[in-house]
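> Sharing work-v4.csv here; it has CSV, C-alpha atoms.
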```
chain,number,residue,atom,x,y,z
A,25,MET,CA,33.8,-178.3,-113.5
A,26,GLU,CA,34.7,-178.3,-117.2
A,27,THR,CA,38.1,-179.4,-118.5
A,28,LYS,CA,39.3,-175.8,-118.9
A,29,GLU,CA,38.5,-175.1,-115.2
A,30,TYR,CA,40.6,-178.1,-114.0
A,31,LEU,CA,43.5,-177.0,-116.3
A,32,THR,CA,43.3,-173.4,-115.2
A,33,SER,CA,43.4,-174.4,-111.5
A,34,TYR,CA,46.3,-176.7,-112.2
A,35,TYR,CA,48.5,-174.4,-114.3
A,36,ASN,CA,47.8,-171.4,-112.0
A,37,GLU,CA,49.8,-173.2,-109.4
A,38,TYR,CA,52.2,-175.2,-111.6
A,39,ASP,CA,55.6,-173.8,-112.7
A,40,GLU,CA,56.0,-175.2,-116.2
A,41,ASN,CA,59.1,-173.1,-116.9
A,42,ALA,CA,60.8,-174.7,-113.8
A,43,ARG,CA,60.0,-178.2,-115.0
A,44,LEU,CA,61.5,-177.7,-118.5
A,45,THR,CA,64.6,-175.9,-117.2
A,46,SER,CA,65.5,-178.4,-114.4
A,47,ARG,CA,68.1,-180.9,-115.4
A,48,HIS,CA,65.7,-183.8,-115.7
A,49,GLY,CA,63.1,-181.5,-117.5
A,50,MET,CA,65.7,-180.3,-120.0
A,51,VAL,CA,66.1,-183.9,-121.4
A,52,GLU,CA,62.6,-183.6,-122.9
A,53,TYR,CA,63.3,-180.1,-124.2
A,54,ILE,CA,66.7,-181.0,-125.7
A,55,THR,CA,65.3,-184.1,-127.4
A,56,THR,CA,62.3,-182.2,-128.8
A,57,MET,CA,64.4,-179.4,-130.1
A,58,LYS,CA,66.9,-181.8,-131.7
A,59,TYR,CA,64.1,-183.4,-133.8
A,60,VAL,CA,62.5,-180.0,-134.6
A,61,ASP,CA,66.0,-178.9,-135.8
A,62,ARG,CA,66.1,-181.8,-138.3
A,63,TYR,CA,63.1,-180.3,-140.2
A,64,LEU,CA,63.8,-176.6,-139.9
A,65,LYS,CA,64.7,-174.6,-143.0
A,66,PRO,CA,65.1,-170.8,-143.5
A,67,ASP,CA,61.8,-168.8,-143.6
A,68,MET,CA,59.6,-171.6,-142.4
A,69,ARG,CA,56.4,-170.7,-140.5
A,70,ILE,CA,55.7,-172.4,-137.2
A,71,LEU,CA,52.5,-172.9,-135.2
A,72,GLU,CA,52.7,-174.1,-131.6
A,73,ILE,CA,49.3,-175.3,-130.3
A,74,GLY,CA,49.1,-175.4,-126.5
A,75,THR,CA,52.3,-173.4,-126.1
A,76,ALA,CA,51.9,-173.0,-122.3
A,77,THR,CA,54.4,-170.3,-121.2
A,78,GLY,CA,56.2,-170.4,-124.6
A,79,ARG,CA,59.4,-172.3,-123.9
A,80,TYR,CA,59.6,-173.7,-127.5
A,81,SER,CA,57.9,-170.8,-129.2
A,82,HIS,CA,60.2,-168.2,-127.8
A,83,ALA,CA,63.3,-170.3,-128.5
A,84,LEU,CA,62.4,-170.7,-132.1
A,85,ALA,CA,61.3,-167.1,-132.6
A,86,GLN,CA,64.5,-165.8,-131.1
A,87,ARG,CA,66.3,-167.8,-133.8
A,88,GLY,CA,64.4,-165.7,-136.4
A,89,TYR,CA,61.5,-168.0,-137.3
A,90,ARG,CA,58.0,-166.6,-137.5
A,91,VAL,CA,56.0,-168.3,-134.8
A,92,ASP,CA,52.3,-168.2,-134.0
A,93,ALA,CA,51.3,-169.7,-130.7
A,94,VAL,CA,47.9,-170.8,-129.3
A,95,GLU,CA,47.2,-171.3,-125.6
A,96,LEU,CA,44.0,-172.0,-123.7
A,97,ILE,CA,45.0,-170.8,-120.2
A,98,GLU,CA,45.0,-167.1,-119.4
A,99,HIS,CA,47.7,-167.5,-116.7
A,100,ASN,CA,50.1,-169.1,-119.2
A,101,ILE,CA,49.4,-166.4,-121.8
A,102,GLU,CA,50.3,-163.7,-119.3
A,103,ILE,CA,53.7,-165.4,-118.6
A,104,PHE,CA,54.2,-165.9,-122.4
A,105,LYS,CA,53.8,-162.2,-123.0
A,106,LEU,CA,56.1,-161.2,-120.1
A,107,ASN,CA,58.8,-163.5,-121.7
A,108,THR,CA,58.4,-162.0,-125.2
A,109,LEU,CA,61.4,-159.9,-126.3
A,110,GLU,CA,61.0,-156.6,-128.2
A,111,ASN,CA,60.7,-157.3,-131.9
A,112,GLU,CA,60.5,-161.1,-131.4
A,113,PRO,CA,58.6,-162.5,-134.4
A,114,VAL,CA,56.0,-164.3,-132.3
A,115,THR,CA,52.2,-164.0,-131.7
A,116,ILE,CA,50.0,-165.4,-129.0
A,117,THR,CA,46.3,-166.2,-129.4
A,118,GLN,CA,43.9,-167.6,-126.8
A,119,GLY,CA,42.4,-170.7,-128.4
A,120,ASP,CA,41.5,-174.4,-128.1
A,121,ALA,CA,43.4,-177.2,-129.9
A,122,VAL,CA,40.1,-178.7,-131.1
A,123,ASP,CA,39.0,-175.5,-132.9
A,124,LEU,CA,41.7,-173.6,-134.9
A,125,SER,CA,39.1,-172.0,-137.1
A,126,ALA,CA,41.0,-168.7,-136.7
A,127,PHE,CA,43.9,-170.2,-138.7
A,128,GLU,CA,43.8,-170.9,-142.4
A,129,SER,CA,44.4,-174.4,-143.8
A,130,GLY,CA,47.8,-175.2,-145.2
A,131,THR,CA,49.7,-172.3,-143.6
A,132,TYR,CA,52.5,-173.8,-141.5
A,133,ASP,CA,55.6,-175.7,-142.4
A,134,ILE,CA,55.9,-177.1,-138.9
A,135,THR,CA,53.1,-177.6,-136.4
A,136,LEU,CA,53.9,-178.3,-132.7
A,137,LEU,CA,51.2,-180.1,-130.7
A,138,LEU,CA,53.3,-180.5,-127.6
A,139,GLY,CA,50.7,-180.3,-124.8
A,140,PRO,CA,47.0,-180.6,-125.8
A,141,MET,CA,47.0,-184.4,-126.2
A,142,TYR,CA,47.9,-184.6,-122.5
A,143,HIS,CA,44.5,-183.1,-121.6
A,144,LEU,CA,42.0,-184.5,-124.1
A,145,PHE,CA,40.1,-187.4,-122.7
A,146,THR,CA,37.8,-188.6,-125.5
A,147,ASP,CA,38.6,-190.1,-128.9
A,148,GLU,CA,36.5,-187.3,-130.5
A,149,GLU,CA,38.6,-184.6,-128.9
A,150,GLN,CA,41.9,-186.3,-129.6
A,151,LEU,CA,41.0,-186.9,-133.3
A,152,LYS,CA,39.7,-183.3,-133.7
A,153,ALA,CA,43.0,-181.8,-132.2
A,154,LEU,CA,45.1,-184.0,-134.6
A,155,SER,CA,42.8,-183.1,-137.5
A,156,GLU,CA,43.1,-179.4,-136.8
A,157,ALA,CA,46.9,-179.6,-136.5
A,158,ILE,CA,47.1,-181.4,-139.8
A,159,ARG,CA,44.7,-179.1,-141.5
A,160,VAL,CA,46.7,-175.9,-140.8
A,161,THR,CA,49.9,-177.6,-141.9
A,162,LYS,CA,51.2,-177.4,-145.4
A,163,LYS,CA,51.2,-180.5,-147.6
A,164,GLY,CA,54.6,-182.0,-146.9
A,165,GLY,CA,54.9,-180.2,-143.6
A,166,THR,CA,55.7,-181.8,-140.3
A,167,VAL,CA,53.6,-182.3,-137.2
A,168,PHE,CA,55.1,-183.0,-133.8
A,169,ALA,CA,52.5,-184.5,-131.3
A,170,ALA,CA,53.5,-185.2,-127.7
A,171,TYR,CA,51.8,-187.7,-125.4
A,172,CYS,CA,52.0,-188.8,-121.7
A,173,MET,CA,52.5,-192.5,-121.3
A,174,GLY,CA,50.6,-194.7,-119.0
A,175,ASP,CA,53.1,-197.4,-118.0
A,176,ALA,CA,55.7,-195.0,-116.9
A,177,SER,CA,53.2,-193.4,-114.5
A,178,VAL,CA,52.1,-196.8,-113.2
A,179,LEU,CA,55.7,-197.6,-112.4
A,180,THR,CA,56.8,-194.3,-110.8
A,181,TYR,CA,53.6,-193.0,-109.2
A,182,GLY,CA,51.9,-196.4,-108.6
A,183,PHE,CA,54.6,-198.8,-107.5
A,184,ALA,CA,57.7,-196.6,-106.7
A,185,ARG,CA,55.7,-194.1,-104.7
A,186,GLY,CA,53.3,-196.7,-103.2
A,187,LYS,CA,50.1,-195.3,-104.7
A,188,ILE,CA,49.1,-198.3,-106.7
A,189,TYR,CA,46.2,-199.3,-104.5
A,190,ASP,CA,44.8,-195.8,-104.6
A,191,ILE,CA,44.9,-195.9,-108.4
A,192,ILE,CA,43.1,-199.2,-108.4
A,193,GLU,CA,40.4,-198.0,-105.9
A,194,LYS,CA,39.7,-195.0,-108.1
A,195,CYS,CA,39.1,-197.4,-111.0
A,196,MET,CA,42.0,-195.9,-112.9
A,197,LEU,CA,43.7,-199.2,-113.7
A,198,ASN,CA,42.7,-202.5,-115.3
A,199,THR,CA,44.5,-205.0,-113.1
A,200,GLU,CA,44.5,-207.6,-115.9
A,201,THR,CA,46.0,-205.6,-118.7
A,202,PHE,CA,47.2,-202.6,-116.6
A,203,ASP,CA,45.7,-200.2,-119.1
A,204,SER,CA,45.2,-196.8,-117.3
A,205,PHE,CA,42.1,-194.7,-117.3
A,206,SER,CA,41.7,-191.0,-116.4
A,207,LYS,CA,39.1,-188.2,-116.3
A,208,PRO,CA,39.5,-184.4,-116.7
A,209,TRP,CA,39.9,-184.0,-113.0
A,210,ASP,CA,42.9,-186.2,-113.1
A,211,ILE,CA,44.5,-183.6,-115.5
A,212,PHE,CA,46.5,-186.0,-117.6
A,213,LYS,CA,45.4,-188.5,-120.2
A,214,LEU,CA,47.7,-191.5,-120.4
A,215,TYR,CA,48.4,-193.5,-123.5
A,216,ARG,CA,50.1,-196.6,-124.8
A,217,LYS,CA,51.9,-196.7,-128.1
A,218,GLU,CA,49.1,-198.7,-129.7
A,219,ASP,CA,46.6,-195.9,-128.8
A,220,ILE,CA,48.8,-193.3,-130.5
A,221,ASP,CA,49.2,-195.5,-133.6
A,222,LYS,CA,45.5,-196.0,-133.8
A,223,LEU,CA,44.8,-192.2,-133.7
A,224,ARG,CA,47.5,-191.4,-136.3
A,225,SER,CA,46.2,-194.2,-138.6
A,226,ARG,CA,43.0,-192.2,-139.2
A,227,PHE,CA,44.9,-189.5,-141.2
A,228,ASN,CA,46.8,-189.3,-144.5
A,229,VAL,CA,50.2,-188.9,-142.9
A,230,THR,CA,53.5,-190.7,-142.8
A,231,GLN,CA,55.2,-191.4,-139.5
A,232,LEU,CA,58.8,-190.2,-139.5
A,233,HIS,CA,59.9,-190.9,-135.9
A,234,PHE,CA,58.4,-192.1,-132.6
A,235,VAL,CA,60.6,-190.8,-129.8
A,236,ALA,CA,61.0,-191.5,-126.1
A,237,SER,CA,61.3,-187.8,-125.3
A,238,ASP,CA,62.6,-188.3,-121.8
A,239,GLY,CA,63.2,-192.1,-121.8
A,240,TYR,CA,64.2,-193.4,-118.3
A,241,THR,CA,64.8,-189.8,-117.0
A,242,ASN,CA,61.8,-189.3,-114.7
A,243,HIS,CA,62.5,-192.7,-113.0
A,244,MET,CA,65.8,-191.3,-111.8
A,245,ARG,CA,65.2,-187.6,-111.8
A,246,GLU,CA,66.9,-187.0,-108.4
A,247,VAL,CA,70.1,-188.7,-109.6
A,248,ILE,CA,70.0,-186.7,-112.9
A,249,ASP,CA,69.5,-183.4,-111.1
A,250,GLN,CA,72.6,-184.1,-109.0
A,251,MET,CA,74.9,-185.2,-111.9
A,252,ASP,CA,78.0,-183.1,-112.6
A,253,ASP,CA,78.3,-181.5,-116.0
A,254,ARG,CA,80.5,-184.3,-117.5
A,255,MET,CA,78.1,-187.1,-116.5
A,256,TYR,CA,75.0,-185.1,-117.5
A,257,GLU,CA,76.5,-184.5,-121.0
A,258,LEU,CA,77.2,-188.2,-121.2
A,259,TYR,CA,73.7,-189.1,-120.1
A,260,ILE,CA,72.2,-186.8,-122.8
A,261,LYS,CA,74.4,-188.4,-125.4
A,262,TYR,CA,73.3,-191.9,-124.3
A,263,HIS,CA,69.6,-190.8,-124.2
A,264,LEU,CA,69.7,-189.4,-127.7
A,265,ALA,CA,71.4,-192.5,-129.0
A,266,VAL,CA,68.6,-194.8,-127.8
A,267,CYS,CA,65.5,-192.6,-127.7
A,268,GLU,CA,64.1,-194.1,-131.0
A,269,ARG,CA,64.6,-197.7,-129.9
A,270,GLN,CA,61.1,-199.0,-129.6
A,271,ASP,CA,62.0,-201.2,-126.6
A,272,MET,CA,62.6,-197.9,-124.7
A,273,THR,CA,59.4,-196.0,-125.5
A,274,GLY,CA,57.2,-197.8,-123.0
A,275,CYS,CA,59.2,-196.6,-120.0
A,276,SER,CA,59.2,-193.0,-121.1
A,277,HIS,CA,56.9,-190.5,-119.4
A,278,HIS,CA,56.6,-188.5,-122.6
A,279,THR,CA,56.8,-189.5,-126.2
A,280,LEU,CA,56.9,-187.6,-129.4
A,281,ASP,CA,55.1,-188.8,-132.6
A,282,ILE,CA,56.5,-187.0,-135.6
A,283,PHE,CA,54.8,-187.3,-139.0
A,284,ARG,CA,54.5,-185.7,-142.4
A,285,LYS,CA,51.3,-184.5,-144.0
A,286,GLU,CA,50.7,-186.1,-147.3
```
Show the structure stored in the file as structure tokens.

Amino acid sequence: METKEYLTSYYNEYDENARLTSRHGMVEYITTMKYVDRYLKPDMRILEIGTATGRYSHALAQRGYRVDAVELIEHNIEIFKLNTLENEPVTITQGDAVDLSAFESGTYDITLLLGPMYHLFTDEEQLKALSEAIRVTKKGGTVFAAYCMGDASVLTYGFARGKIYDIIEKCMLNTETFDSFSKPWDIFKLYRKEDIDKLRSRFNVTQLHFVASDGYTNHMREVIDQMDDRMYELYIKYHLAVCERQDMTGCSHHTLDIFRKE
């Protein structure tokens, strides 16, 4: 099977909207939108690459921004279209993050790459996706690239859920360094911060923020889902206060690398 077939099978069964709208899932969404808001100005054009069902694209378009979205999986595109309001200034195109040849260079003020790096398993693919995202962004524009982190998965899936020996037997973990390895059939590519820094260093960009998008949230998701409104609001306030502390990023399941195109 090719990568697209694995992803199609996965996303045909997975409810992405439900994840982002659960209390624990909303932490990542709230955090990402907080940082996007820092760089939004009137009349900006936005591209979201790997939009999935369009949670971010629709939210931004419904605020009046012109948004173009790209998505690989047909099932997600169908849901995206169903969720599109009449006269919403958003488009959806089927496409691949490693080939944005349908889009002109230097077009967008903000480019969101919030999903593709989860599913690209070679350095060549990862660099191509970043290169394409940067190419279509205007000089001085901002790119937001999201990643899945390896150590958080080792802790929650490996140790907390008792799957660590299964991971080792599948040759997905170096038991000396605890670096993680994955293939397309594992669906998710896992990173450490040094991997992300190495990828970014290949381009003429300036890092603005490195954010623990959900921080410790997924390690205590059941607790967070049961919080009352008052405590949940306090948790969000706490999370946003510490999410750029570099000693917090390693435990986060998702991180957000934000940089400016020079």
> So how many Å separate atom CA of Glu72 of chain A and atom CA of Thr135 of chain A, to one decimal?
6.0 Å
> Taking 5 positions as the minimum chain separation for residues in the same chain, which residues sit within 12 Å of Lys105 of chain A when counting only C-alpha atoms? Answer as a list in words.
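Near neighbours after the sequence-gap exclusion: Thr75, Ala76, Thr77, Gly78, Arg79, Ser81, His82, Ala93, Glu95, Glu98, His99, Asn100, Glu110, Glu112, Val114, Thr115, Ile116, Thr117 and Gln118 of chain A.
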> Of the candidates A:Ser155, A:Ser177, A:Ser225, A:Gln150, which shows the shortest atom-to-atom distance to Phe202 of chain A, using all atoms listed in the file?
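Ranked by minimum distance to Phe202 of chain A, first place goes to A:Ser177.
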> Please compute the atom CA of Glu102 of chain A-atom CA of Ala126 of chain A distance, one decimal, in Å.
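Taking atom CA of Glu102 of chain A as the start and atom CA of Ala126 of chain A as the end point, the length is 20.4 Å.
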> Counting all atoms listed in the file, which of A:His277, A:Arg224, A:Gln231, A:Asp67 gets nearest to Met244 of chain A?
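Going through A:His277, A:Arg224, A:Gln231, A:Asp67 one by one, the smallest distance to Met244 of chain A is for A:His277.
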> Name the closest residue to Phe145 of chain A among the candidates A:Thr166, A:Ser204, A:Gln86, A:Thr199; distances are taken between atoms, counting only C-alpha atoms.
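Answer, going by the shortest atom-to-atom distance: A:Ser204.
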> Env of Pro66 of chain A: 12 Å cut, atoms = only C-alpha atoms, seq-sep filter 6 positions within chain, self excluded. Answer as a list in words.
Leu84, Arg87, Gly88, Tyr89, Arg90 and Asp133 of chain A
> Between A:Arg69, A:Arg254, A:Lys261, A:Arg159, which one has atoms that come closest to Ala85 of chain A, using all atoms listed in the file?
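Result for the nearest residue to Ala85 of chain A: A:Arg69.
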> Excluding segment 28-30 of chain A and residues on its chain fewer than 3 positions from it, collect all residues at most 7 Å away from it, counting only C-alpha atoms, and give them as a PyMOL selection string.
chain A and resi 25+33-34+208-209+211
> Given all atoms listed in the file as the basis, pick out the residue of A:Gly74, A:Gly119, A:Gly165, A:Gly274 nearest to Val178 of chain A.
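Residue with the minimum atom-to-atom distance to Val178 of chain A: A:Gly274.
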> Please list as a PyMOL selection string every residue within 12 Å of Tyr256 of chain A, counting all atoms listed in the file and excluding residues in the same chain fewer than 4 positions away.
chain A and resi 47-48+50-51+241+245+247-252+260-263
> When you draw a straight line from atom CA of Leu71 of chain A to atom CA of Glu37 of chain A, how long is it in Å?
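If I compute the distance from atom CA of Leu71 of chain A to atom CA of Glu37 of chain A, I get 25.9 Å.
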